[in-house]
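What follows is a short report on a single structure.
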Amino acid sequence: MGALRTPREKWVEEGLRALAEGGVDAVRVEALAKKLGVTKGGFYGYFADRGALLDEMLDAWERESVDDVLARIEREGGDALDKVQLAGRLTFSGDRLLPIDLAVRDWARRDHAVAERLRHVDNRRMQLSRDAISTFCDDPDEVEARSLLAFCAAIGSHFLAADHPGSTRAQVLARAAGLILDRPSDGPGR
């Protein structure tokens with residue numbers, strides 16, 4: 001019986017964990033092998049080089065943070081607003097996807113190809129927000145503005161160090177979501 005190889009998915013998963021914890025520079029074949037308790041020779045049975053692993057990590061991130069999220073919100077149902085709120089919670093409030101997403105954003109600041117990949121992912125996410133807001137708002141400029149505010153709140157809140165006197169961050173974010181995603185009252189332009 002031959003030796004068991006560390007599955008390809010384990011290398012990708014460990015790469016994503018390293019990315020989330022230390023950024024793209026922490027994704028090193030030797031360090032990943034050590035974490036997995038194997039030699040780095042097995043790595044080259046799956047990947048031509050570190051770049052190939054990084055590409056597969058981005059594929060896994062996109063699949064998990066967009067495709068899997070979209071599939072789950074469709075399974076769970078609800079109206080368009082319920083779906084966009086669930087997508088935000090799944091993507092930007094957990095211990096799994098959020099650290100990876102933030103690390104990819106940092107990586108994209110220095111790598112044009114990653115920036116293009118992030119743009120593609122963010123455009124897919126923004127479209128979900130546009131679709132939801134369009135269910136109650138027919139002004140395209142307002143739809144775009146509300147979508148941008150929702151996305152900025154979801155991402156930017158993780159970089160903000162400000163206090164919210166009398167409220168928790170979660171309470172303030174919930175109120176912000178209510179303002180952005182609440183159906184507007186009757187009035188001009190609505």
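In the structure tokens, the first chain shown is A, the next is B, and so on; residue numbers restart at 1 for each chain, and ligands run from 1 in the order shown.
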
Exercise. Can you list every residue in range 6-189 of chain A that DSSP puts in helix (DSSP H, G or I), as a count of residues only?
Worked result: 136

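The neighbours of Ala132 in chain A here are the residues that come within 9 Å of it, using only C-alpha atoms and leaving out any residue fewer than 4 positions away in the same chain; they are Asp79, Ala80, Leu81, Asp82, Lys83, Val84, Gln127, Leu128, Phe136 and Leu181 of chain A.
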
How would the residues just chosen look if you wrote them out with N, CA, C and O atoms as a PDB file, in the first residue's frame?
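The resulting result-v5.pdb:
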```pdb
ATOM      1  N   ASP A  79     -37.664  37.202   0.913  1.00  0.00           N
ATOM      2  CA  ASP A  79     -37.716  38.207  -0.141  1.00  0.00           C
ATOM      3  C   ASP A  79     -36.310  38.710  -0.449  1.00  0.00           C
ATOM      4  O   ASP A  79     -35.332  38.298   0.178  1.00  0.00           O
ATOM      5  N   ALA A  80     -36.197  39.604  -1.407  1.00  0.00           N
ATOM      6  CA  ALA A  80     -34.890  40.085  -1.859  1.00  0.00           C
ATOM      7  C   ALA A  80     -34.114  40.753  -0.725  1.00  0.00           C
ATOM      8  O   ALA A  80     -32.894  40.602  -0.631  1.00  0.00           O
ATOM      9  N   LEU A  81     -34.792  41.469   0.149  1.00  0.00           N
ATOM     10  CA  LEU A  81     -34.105  42.126   1.261  1.00  0.00           C
ATOM     11  C   LEU A  81     -33.594  41.119   2.279  1.00  0.00           C
ATOM     12  O   LEU A  81     -32.487  41.259   2.799  1.00  0.00           O
ATOM     13  N   ASP A  82     -34.390  40.090   2.550  1.00  0.00           N
ATOM     14  CA  ASP A  82     -33.922  39.025   3.444  1.00  0.00           C
ATOM     15  C   ASP A  82     -32.665  38.379   2.871  1.00  0.00           C
ATOM     16  O   ASP A  82     -31.706  38.096   3.594  1.00  0.00           O
ATOM     17  N   LYS A  83     -32.664  38.163   1.565  1.00  0.00           N
ATOM     18  CA  LYS A  83     -31.536  37.501   0.916  1.00  0.00           C
ATOM     19  C   LYS A  83     -30.266  38.345   0.985  1.00  0.00           C
ATOM     20  O   LYS A  83     -29.196  37.832   1.288  1.00  0.00           O
ATOM     21  N   VAL A  84     -30.373  39.642   0.718  1.00  0.00           N
ATOM     22  CA  VAL A  84     -29.181  40.482   0.739  1.00  0.00           C
ATOM     23  C   VAL A  84     -28.646  40.624   2.165  1.00  0.00           C
ATOM     24  O   VAL A  84     -27.434  40.654   2.380  1.00  0.00           O
ATOM     25  N   GLN A 127     -24.355  43.553  -7.257  1.00  0.00           N
ATOM     26  CA  GLN A 127     -25.562  43.314  -8.039  1.00  0.00           C
ATOM     27  C   GLN A 127     -26.672  42.730  -7.170  1.00  0.00           C
ATOM     28  O   GLN A 127     -27.842  43.071  -7.347  1.00  0.00           O
ATOM     29  N   LEU A 128     -26.311  41.884  -6.232  1.00  0.00           N
ATOM     30  CA  LEU A 128     -27.302  41.346  -5.308  1.00  0.00           C
ATOM     31  C   LEU A 128     -27.955  42.477  -4.524  1.00  0.00           C
ATOM     32  O   LEU A 128     -29.175  42.514  -4.357  1.00  0.00           O
ATOM     33  N   PHE A 136     -37.863  48.041  -4.065  1.00  0.00           N
ATOM     34  CA  PHE A 136     -38.664  49.095  -3.450  1.00  0.00           C
ATOM     35  C   PHE A 136     -38.282  50.497  -3.905  1.00  0.00           C
ATOM     36  O   PHE A 136     -38.921  51.475  -3.526  1.00  0.00           O
ATOM     37  N   LEU A 181     -31.763  49.793   3.728  1.00  0.00           N
ATOM     38  CA  LEU A 181     -32.610  48.778   3.101  1.00  0.00           C
ATOM     39  C   LEU A 181     -34.095  48.951   3.379  1.00  0.00           C
ATOM     40  O   LEU A 181     -34.908  48.170   2.873  1.00  0.00           O
TER      41      LEU A 181
END
```

Could you pull the residues within 12 Å of Trp61 in chain A, counting only C-alpha atoms, minus those fewer than 5 positions along the same chain, as an mmCIF file with all heavy atoms, in the first residue's frame?
```
data_model
loop_
_atom_site.group_PDB
_atom_site.id
_atom_site.type_symbol
_atom_site.label_atom_id
_atom_site.label_comp_id
_atom_site.auth_asym_id
_atom_site.auth_seq_id
_atom_site.Cartn_x
_atom_site.Cartn_y
_atom_site.Cartn_z
ATOM 1 N N VAL A 12 -5.017 23.962 -0.148
ATOM 2 C CA VAL A 12 -5.752 25.203 -0.419
ATOM 3 C C VAL A 12 -6.314 25.766 0.883
ATOM 4 O O VAL A 12 -6.190 26.962 1.159
ATOM 5 C CB VAL A 12 -6.868 24.959 -1.459
ATOM 6 C CG1 VAL A 12 -7.761 26.188 -1.605
ATOM 7 C CG2 VAL A 12 -6.269 24.557 -2.806
ATOM 8 N N GLU A 13 -6.899 24.900 1.688
ATOM 9 C CA GLU A 13 -7.480 25.350 2.956
ATOM 10 C C GLU A 13 -6.410 25.935 3.876
ATOM 11 O O GLU A 13 -6.611 26.975 4.504
ATOM 12 C CB GLU A 13 -8.200 24.189 3.644
ATOM 13 C CG GLU A 13 -8.863 24.567 4.955
ATOM 14 C CD GLU A 13 -9.889 25.676 4.826
ATOM 15 O OE1 GLU A 13 -10.539 25.794 3.771
ATOM 16 O OE2 GLU A 13 -10.044 26.450 5.799
ATOM 17 N N GLY A 15 -3.622 27.191 2.931
ATOM 18 C CA GLY A 15 -3.211 28.446 2.300
ATOM 19 C C GLY A 15 -4.161 29.581 2.635
ATOM 20 O O GLY A 15 -3.732 30.703 2.942
ATOM 21 N N LEU A 16 -5.455 29.304 2.608
ATOM 22 C CA LEU A 16 -6.448 30.328 2.969
ATOM 23 C C LEU A 16 -6.312 30.728 4.438
ATOM 24 O O LEU A 16 -6.442 31.906 4.781
ATOM 25 C CB LEU A 16 -7.863 29.828 2.676
ATOM 26 C CG LEU A 16 -8.234 29.733 1.201
ATOM 27 C CD1 LEU A 16 -9.556 29.002 1.026
ATOM 28 C CD2 LEU A 16 -8.286 31.118 0.558
ATOM 29 N N ARG A 17 -6.050 29.750 5.289
ATOM 30 C CA ARG A 17 -5.861 30.047 6.715
ATOM 31 C C ARG A 17 -4.633 30.943 6.911
ATOM 32 O O ARG A 17 -4.686 31.927 7.647
ATOM 33 C CB ARG A 17 -5.708 28.750 7.507
ATOM 34 C CG ARG A 17 -5.699 28.955 9.017
ATOM 35 C CD ARG A 17 -5.700 27.640 9.792
ATOM 36 N NE ARG A 17 -6.950 26.925 9.577
ATOM 37 C CZ ARG A 17 -7.063 25.754 8.933
ATOM 38 N NH1 ARG A 17 -6.003 25.149 8.445
ATOM 39 N NH2 ARG A 17 -8.232 25.183 8.782
ATOM 40 N N LEU A 19 -3.305 32.932 4.666
ATOM 41 C CA LEU A 19 -3.641 34.233 4.079
ATOM 42 C C LEU A 19 -4.433 35.071 5.068
ATOM 43 O O LEU A 19 -4.125 36.250 5.292
ATOM 44 C CB LEU A 19 -4.447 34.029 2.790
ATOM 45 C CG LEU A 19 -4.967 35.289 2.106
ATOM 46 C CD1 LEU A 19 -3.815 36.099 1.522
ATOM 47 C CD2 LEU A 19 -5.968 34.907 1.000
ATOM 48 N N ALA A 20 -5.450 34.469 5.677
ATOM 49 C CA ALA A 20 -6.291 35.193 6.632
ATOM 50 C C ALA A 20 -5.503 35.659 7.849
ATOM 51 O O ALA A 20 -5.742 36.750 8.373
ATOM 52 C CB ALA A 20 -7.463 34.309 7.064
ATOM 53 N N LEU A 54 -1.900 29.924 -5.196
ATOM 54 C CA LEU A 54 -2.578 31.204 -4.966
ATOM 55 C C LEU A 54 -3.801 31.347 -5.867
ATOM 56 O O LEU A 54 -4.855 31.806 -5.421
ATOM 57 C CB LEU A 54 -1.608 32.368 -5.159
ATOM 58 C CG LEU A 54 -0.467 32.464 -4.151
ATOM 59 C CD1 LEU A 54 0.499 33.577 -4.549
ATOM 60 C CD2 LEU A 54 -0.973 32.664 -2.733
ATOM 61 N N ASP A 55 -3.682 30.918 -7.118
ATOM 62 C CA ASP A 55 -4.830 30.960 -8.035
ATOM 63 C C ASP A 55 -5.964 30.079 -7.526
ATOM 64 O O ASP A 55 -7.136 30.475 -7.553
ATOM 65 C CB ASP A 55 -4.425 30.518 -9.445
ATOM 66 C CG ASP A 55 -3.592 31.549 -10.174
ATOM 67 O OD1 ASP A 55 -3.596 32.734 -9.778
ATOM 68 O OD2 ASP A 55 -2.923 31.164 -11.163
ATOM 69 N N GLU A 56 -5.630 28.881 -7.081
ATOM 70 C CA GLU A 56 -6.675 27.982 -6.562
ATOM 71 C C GLU A 56 -7.286 28.515 -5.275
ATOM 72 O O GLU A 56 -8.468 28.310 -5.015
ATOM 73 C CB GLU A 56 -6.125 26.568 -6.375
ATOM 74 C CG GLU A 56 -5.976 25.876 -7.703
ATOM 75 C CD GLU A 56 -5.995 24.369 -7.596
ATOM 76 O OE1 GLU A 56 -6.714 23.813 -6.734
ATOM 77 O OE2 GLU A 56 -5.282 23.746 -8.403
ATOM 78 N N VAL A 66 -19.073 33.750 -2.790
ATOM 79 C CA VAL A 66 -20.114 34.240 -3.701
ATOM 80 C C VAL A 66 -21.034 33.095 -4.113
ATOM 81 O O VAL A 66 -22.214 33.101 -3.786
ATOM 82 C CB VAL A 66 -19.510 34.935 -4.943
ATOM 83 C CG1 VAL A 66 -20.622 35.408 -5.877
ATOM 84 C CG2 VAL A 66 -18.645 36.119 -4.544
ATOM 85 N N ASP A 67 -20.493 32.101 -4.802
ATOM 86 C CA ASP A 67 -21.338 31.033 -5.331
ATOM 87 C C ASP A 67 -22.067 30.275 -4.222
ATOM 88 O O ASP A 67 -23.282 30.061 -4.302
ATOM 89 C CB ASP A 67 -20.510 30.055 -6.169
ATOM 90 C CG ASP A 67 -19.857 30.730 -7.373
ATOM 91 O OD1 ASP A 67 -20.411 31.726 -7.877
ATOM 92 O OD2 ASP A 67 -18.781 30.270 -7.796
ATOM 93 N N ASP A 68 -21.337 29.877 -3.189
ATOM 94 C CA ASP A 68 -21.964 29.131 -2.089
ATOM 95 C C ASP A 68 -22.938 30.004 -1.306
ATOM 96 O O ASP A 68 -23.994 29.540 -0.868
ATOM 97 C CB ASP A 68 -20.906 28.557 -1.142
ATOM 98 C CG ASP A 68 -20.054 27.471 -1.789
ATOM 99 O OD1 ASP A 68 -20.336 27.071 -2.947
ATOM 100 O OD2 ASP A 68 -19.073 27.039 -1.143
ATOM 101 N N VAL A 69 -22.599 31.285 -1.130
ATOM 102 C CA VAL A 69 -23.497 32.213 -0.431
ATOM 103 C C VAL A 69 -24.782 32.392 -1.243
ATOM 104 O O VAL A 69 -25.885 32.324 -0.697
ATOM 105 C CB VAL A 69 -22.805 33.562 -0.149
ATOM 106 C CG1 VAL A 69 -23.809 34.629 0.274
ATOM 107 C CG2 VAL A 69 -21.728 33.397 0.920
ATOM 108 N N THR A 91 -21.120 36.604 4.681
ATOM 109 C CA THR A 91 -19.838 37.008 4.107
ATOM 110 C C THR A 91 -19.006 37.872 5.041
ATOM 111 O O THR A 91 -17.800 37.692 5.139
ATOM 112 C CB THR A 91 -20.074 37.772 2.789
ATOM 113 O OG1 THR A 91 -20.873 36.969 1.922
ATOM 114 C CG2 THR A 91 -18.762 38.088 2.098
ATOM 115 N N ARG A 96 -14.931 32.846 9.429
ATOM 116 C CA ARG A 96 -14.361 32.112 8.290
ATOM 117 C C ARG A 96 -14.089 33.037 7.102
ATOM 118 O O ARG A 96 -12.950 33.245 6.712
ATOM 119 C CB ARG A 96 -15.329 30.979 7.901
ATOM 120 C CG ARG A 96 -15.058 30.368 6.564
ATOM 121 C CD ARG A 96 -13.914 29.423 6.594
ATOM 122 N NE ARG A 96 -13.718 28.902 5.252
ATOM 123 C CZ ARG A 96 -12.554 28.567 4.778
ATOM 124 N NH1 ARG A 96 -11.504 28.643 5.535
ATOM 125 N NH2 ARG A 96 -12.439 28.113 3.562
ATOM 126 N N LEU A 97 -15.137 33.579 6.501
ATOM 127 C CA LEU A 97 -14.978 34.322 5.259
ATOM 128 C C LEU A 97 -14.430 35.738 5.449
ATOM 129 O O LEU A 97 -13.657 36.212 4.618
ATOM 130 C CB LEU A 97 -16.309 34.393 4.512
ATOM 131 C CG LEU A 97 -16.806 33.082 3.918
ATOM 132 C CD1 LEU A 97 -18.165 33.275 3.263
ATOM 133 C CD2 LEU A 97 -15.814 32.530 2.923
ATOM 134 N N LEU A 98 -14.823 36.400 6.501
ATOM 135 C CA LEU A 98 -14.393 37.787 6.686
ATOM 136 C C LEU A 98 -12.876 37.949 6.705
ATOM 137 O O LEU A 98 -12.342 38.785 5.971
ATOM 138 C CB LEU A 98 -15.019 38.383 7.945
ATOM 139 C CG LEU A 98 -14.555 39.796 8.279
ATOM 140 C CD1 LEU A 98 -14.944 40.781 7.175
ATOM 141 C CD2 LEU A 98 -15.112 40.224 9.618
ATOM 142 N N PRO A 99 -12.127 37.183 7.514
ATOM 143 C CA PRO A 99 -10.672 37.371 7.511
ATOM 144 C C PRO A 99 -10.027 37.093 6.155
ATOM 145 O O PRO A 99 -9.071 37.773 5.767
ATOM 146 C CB PRO A 99 -10.167 36.381 8.564
ATOM 147 C CG PRO A 99 -11.351 36.053 9.403
ATOM 148 C CD PRO A 99 -12.543 36.199 8.510
ATOM 149 N N ILE A 100 -10.557 36.135 5.424
ATOM 150 C CA ILE A 100 -10.030 35.848 4.090
ATOM 151 C C ILE A 100 -10.336 37.028 3.172
ATOM 152 O O ILE A 100 -9.468 37.496 2.429
ATOM 153 C CB ILE A 100 -10.607 34.536 3.529
ATOM 154 C CG1 ILE A 100 -10.186 33.342 4.391
ATOM 155 C CG2 ILE A 100 -10.173 34.338 2.073
ATOM 156 C CD1 ILE A 100 -10.920 32.052 4.076
ATOM 157 N N ASP A 101 -11.565 37.508 3.218
ATOM 158 C CA ASP A 101 -11.967 38.623 2.371
ATOM 159 C C ASP A 101 -11.098 39.860 2.636
ATOM 160 O O ASP A 101 -10.628 40.505 1.692
ATOM 161 C CB ASP A 101 -13.439 38.952 2.613
ATOM 162 C CG ASP A 101 -14.042 39.739 1.480
ATOM 163 O OD1 ASP A 101 -14.431 39.121 0.473
ATOM 164 O OD2 ASP A 101 -14.115 40.983 1.586
ATOM 165 N N LEU A 102 -10.873 40.177 3.882
ATOM 166 C CA LEU A 102 -10.050 41.340 4.217
ATOM 167 C C LEU A 102 -8.608 41.147 3.746
ATOM 168 O O LEU A 102 -7.969 42.094 3.258
ATOM 169 C CB LEU A 102 -10.108 41.623 5.712
ATOM 170 C CG LEU A 102 -11.487 42.038 6.256
ATOM 171 C CD1 LEU A 102 -11.429 42.214 7.763
ATOM 172 C CD2 LEU A 102 -12.015 43.283 5.569
ATOM 173 N N ALA A 103 -8.101 39.925 3.846
ATOM 174 C CA ALA A 103 -6.738 39.643 3.379
ATOM 175 C C ALA A 103 -6.645 39.755 1.857
ATOM 176 O O ALA A 103 -5.648 40.261 1.328
ATOM 177 C CB ALA A 103 -6.289 38.259 3.849
ATOM 178 N N VAL A 104 -7.677 39.306 1.154
ATOM 179 C CA VAL A 104 -7.685 39.440 -0.301
ATOM 180 C C VAL A 104 -7.704 40.919 -0.680
ATOM 181 O O VAL A 104 -7.004 41.346 -1.609
ATOM 182 C CB VAL A 104 -8.872 38.676 -0.935
ATOM 183 C CG1 VAL A 104 -9.044 39.047 -2.404
ATOM 184 C CG2 VAL A 104 -8.696 37.167 -0.780
ATOM 185 N N ARG A 105 -8.464 41.720 0.047
ATOM 186 C CA ARG A 105 -8.514 43.162 -0.229
ATOM 187 C C ARG A 105 -7.135 43.798 -0.038
ATOM 188 O O ARG A 105 -6.714 44.630 -0.840
ATOM 189 C CB ARG A 105 -9.539 43.840 0.668
ATOM 190 C CG ARG A 105 -10.927 43.511 0.285
ATOM 191 C CD ARG A 105 -12.019 44.096 1.169
ATOM 192 N NE ARG A 105 -13.264 43.510 0.732
ATOM 193 C CZ ARG A 105 -13.860 43.789 -0.418
ATOM 194 N NH1 ARG A 105 -13.352 44.700 -1.216
ATOM 195 N NH2 ARG A 105 -14.971 43.183 -0.769
ATOM 196 N N VAL A 114 -5.074 40.297 -8.805
ATOM 197 C CA VAL A 114 -5.953 40.064 -7.654
ATOM 198 C C VAL A 114 -6.979 41.196 -7.547
ATOM 199 O O VAL A 114 -8.147 40.960 -7.231
ATOM 200 C CB VAL A 114 -5.135 39.908 -6.354
ATOM 201 C CG1 VAL A 114 -6.042 39.756 -5.137
ATOM 202 C CG2 VAL A 114 -4.202 38.704 -6.471
ATOM 203 N N ARG A 117 -9.675 40.421 -9.910
ATOM 204 C CA ARG A 117 -10.502 39.329 -9.375
ATOM 205 C C ARG A 117 -11.440 39.863 -8.290
ATOM 206 O O ARG A 117 -12.626 39.520 -8.256
ATOM 207 C CB ARG A 117 -9.578 38.254 -8.816
ATOM 208 C CG ARG A 117 -10.246 37.011 -8.320
ATOM 209 C CD ARG A 117 -10.791 36.205 -9.519
ATOM 210 N NE ARG A 117 -11.279 34.938 -9.115
ATOM 211 C CZ ARG A 117 -10.580 33.804 -9.151
ATOM 212 N NH1 ARG A 117 -9.360 33.783 -9.590
ATOM 213 N NH2 ARG A 117 -11.123 32.687 -8.767
ATOM 214 N N LEU A 118 -10.928 40.715 -7.413
ATOM 215 C CA LEU A 118 -11.746 41.321 -6.366
ATOM 216 C C LEU A 118 -12.850 42.176 -6.983
ATOM 217 O O LEU A 118 -13.996 42.147 -6.524
ATOM 218 C CB LEU A 118 -10.869 42.146 -5.425
ATOM 219 C CG LEU A 118 -11.587 42.893 -4.306
ATOM 220 C CD1 LEU A 118 -12.331 41.933 -3.378
ATOM 221 C CD2 LEU A 118 -10.583 43.733 -3.518
ATOM 222 N N VAL A 121 -15.619 39.903 -8.095
ATOM 223 C CA VAL A 121 -16.383 39.402 -6.941
ATOM 224 C C VAL A 121 -17.264 40.509 -6.362
ATOM 225 O O VAL A 121 -18.455 40.299 -6.098
ATOM 226 C CB VAL A 121 -15.428 38.817 -5.872
ATOM 227 C CG1 VAL A 121 -16.132 38.599 -4.546
ATOM 228 C CG2 VAL A 121 -14.815 37.517 -6.377
#
```

For this session: Would you work out the distance separating CA of Arg72 in chain A from CA of Val27 in chain A, expressed in Å to one decimal?
Result: 29.2 Å

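Among A:His164, A:Arg5, A:Arg124, A:Arg169, the residue with the shortest atom-to-atom distance to Arg63 in chain A, counting only C-alpha atoms, is A:Arg124.
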
Exercise. If we count only C-alpha atoms, what is near Asp182 in chain A at a cut-off of 10 Å, once residues fewer than 2 positions away on the same chain are taken out, given as a ChimeraX atom specification?
Worked result: /A:81,133,136-137,175-180,184-185

Just to be explicit: take each residue in the selection above, keep N, CA, C and O atoms, and write the result as a PDB file, in the first residue's frame.
```pdb
ATOM      1  N   LEU A  81     -34.792  41.469   0.149  1.00  0.00           N
ATOM      2  CA  LEU A  81     -34.105  42.126   1.261  1.00  0.00           C
ATOM      3  C   LEU A  81     -33.594  41.119   2.279  1.00  0.00           C
ATOM      4  O   LEU A  81     -32.487  41.259   2.799  1.00  0.00           O
ATOM      5  N   ILE A 133     -32.528  46.271  -3.499  1.00  0.00           N
ATOM      6  CA  ILE A 133     -32.990  47.646  -3.300  1.00  0.00           C
ATOM      7  C   ILE A 133     -33.940  48.063  -4.419  1.00  0.00           C
ATOM      8  O   ILE A 133     -34.891  48.823  -4.200  1.00  0.00           O
ATOM      9  N   PHE A 136     -37.863  48.041  -4.065  1.00  0.00           N
ATOM     10  CA  PHE A 136     -38.664  49.095  -3.450  1.00  0.00           C
ATOM     11  C   PHE A 136     -38.282  50.497  -3.905  1.00  0.00           C
ATOM     12  O   PHE A 136     -38.921  51.475  -3.526  1.00  0.00           O
ATOM     13  N   CYS A 137     -37.263  50.597  -4.719  1.00  0.00           N
ATOM     14  CA  CYS A 137     -36.788  51.902  -5.160  1.00  0.00           C
ATOM     15  C   CYS A 137     -36.576  51.861  -6.677  1.00  0.00           C
ATOM     16  O   CYS A 137     -35.838  51.004  -7.167  1.00  0.00           O
ATOM     17  N   ARG A 175     -29.026  49.463  12.615  1.00  0.00           N
ATOM     18  CA  ARG A 175     -29.778  50.691  12.295  1.00  0.00           C
ATOM     19  C   ARG A 175     -29.385  51.214  10.921  1.00  0.00           C
ATOM     20  O   ARG A 175     -30.242  51.640  10.144  1.00  0.00           O
ATOM     21  N   ALA A 176     -28.097  51.184  10.604  1.00  0.00           N
ATOM     22  CA  ALA A 176     -27.644  51.625   9.281  1.00  0.00           C
ATOM     23  C   ALA A 176     -28.266  50.760   8.186  1.00  0.00           C
ATOM     24  O   ALA A 176     -28.743  51.277   7.166  1.00  0.00           O
ATOM     25  N   ALA A 177     -28.280  49.454   8.406  1.00  0.00           N
ATOM     26  CA  ALA A 177     -28.903  48.556   7.427  1.00  0.00           C
ATOM     27  C   ALA A 177     -30.380  48.878   7.278  1.00  0.00           C
ATOM     28  O   ALA A 177     -30.919  48.882   6.164  1.00  0.00           O
ATOM     29  N   GLY A 178     -31.034  49.175   8.400  1.00  0.00           N
ATOM     30  CA  GLY A 178     -32.441  49.546   8.344  1.00  0.00           C
ATOM     31  C   GLY A 178     -32.663  50.804   7.522  1.00  0.00           C
ATOM     32  O   GLY A 178     -33.613  50.893   6.740  1.00  0.00           O
ATOM     33  N   LEU A 179     -31.786  51.773   7.674  1.00  0.00           N
ATOM     34  CA  LEU A 179     -31.913  53.017   6.899  1.00  0.00           C
ATOM     35  C   LEU A 179     -31.664  52.782   5.411  1.00  0.00           C
ATOM     36  O   LEU A 179     -32.357  53.329   4.558  1.00  0.00           O
ATOM     37  N   ILE A 180     -30.665  51.966   5.109  1.00  0.00           N
ATOM     38  CA  ILE A 180     -30.293  51.720   3.718  1.00  0.00           C
ATOM     39  C   ILE A 180     -31.305  50.814   3.022  1.00  0.00           C
ATOM     40  O   ILE A 180     -31.666  51.035   1.871  1.00  0.00           O
ATOM     41  N   PRO A 184     -38.487  53.307   1.395  1.00  0.00           N
ATOM     42  CA  PRO A 184     -38.657  54.726   1.693  1.00  0.00           C
ATOM     43  C   PRO A 184     -40.133  55.092   1.828  1.00  0.00           C
ATOM     44  O   PRO A 184     -41.004  54.424   1.292  1.00  0.00           O
ATOM     45  N   SER A 185     -40.372  56.163   2.570  1.00  0.00           N
ATOM     46  CA  SER A 185     -41.737  56.661   2.688  1.00  0.00           C
ATOM     47  C   SER A 185     -42.108  57.315   1.371  1.00  0.00           C
ATOM     48  O   SER A 185     -41.270  57.648   0.546  1.00  0.00           O
TER      49      SER A 185
END
```

Problem set entry | Residues within 8 Å of Arg50 in chain A, only C-alpha atoms, excluding chain neighbours under 3 positions, as a list in words | Arg28, Val29, Phe47, Leu53 and Leu54 of chain A

Problem set entry | From A:Asp122, A:Asp131, A:Asp138, A:Glu116, residue lying nearest Ile155 in chain A [only C-alpha atoms] | A:Asp122

Exercise. Do you know which residues are at most 7 Å from range 144-146 of chain A counting only C-alpha atoms, after dropping those on the same chain fewer than 4 positions away, and could you put them as number ranges by chain?
Worked result: A: 130, 140, 150, 180

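Minimum distance to Ser93 in chain A across A:Leu36, A:Pro165, A:Gly22, A:Ser65 (counting only C-alpha atoms) occurs at A:Ser65.
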
Problem set entry | Distance query Gly156 in chain A at most 12 Å, only C-alpha atoms, self and fewer than 2 positions along chain excluded, as a list in words | Phe92, Ser93, Leu98, Leu102, Arg105, Leu148, Leu149, Ala150, Phe151, Cys152, Ala153, Ala154, His158, Phe159, Leu160, Ala161, Ala162 and Leu173 of chain A

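Here CA of Asp111 in chain A and CA of Phe43 in chain A stand 23.6 Å from one another.
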
For this session: Go ahead and compute the interatomic distance for CA of Glu14 in chain A and CA of Leu90 in chain A, in Å to one decimal.
Result: 20.7 Å
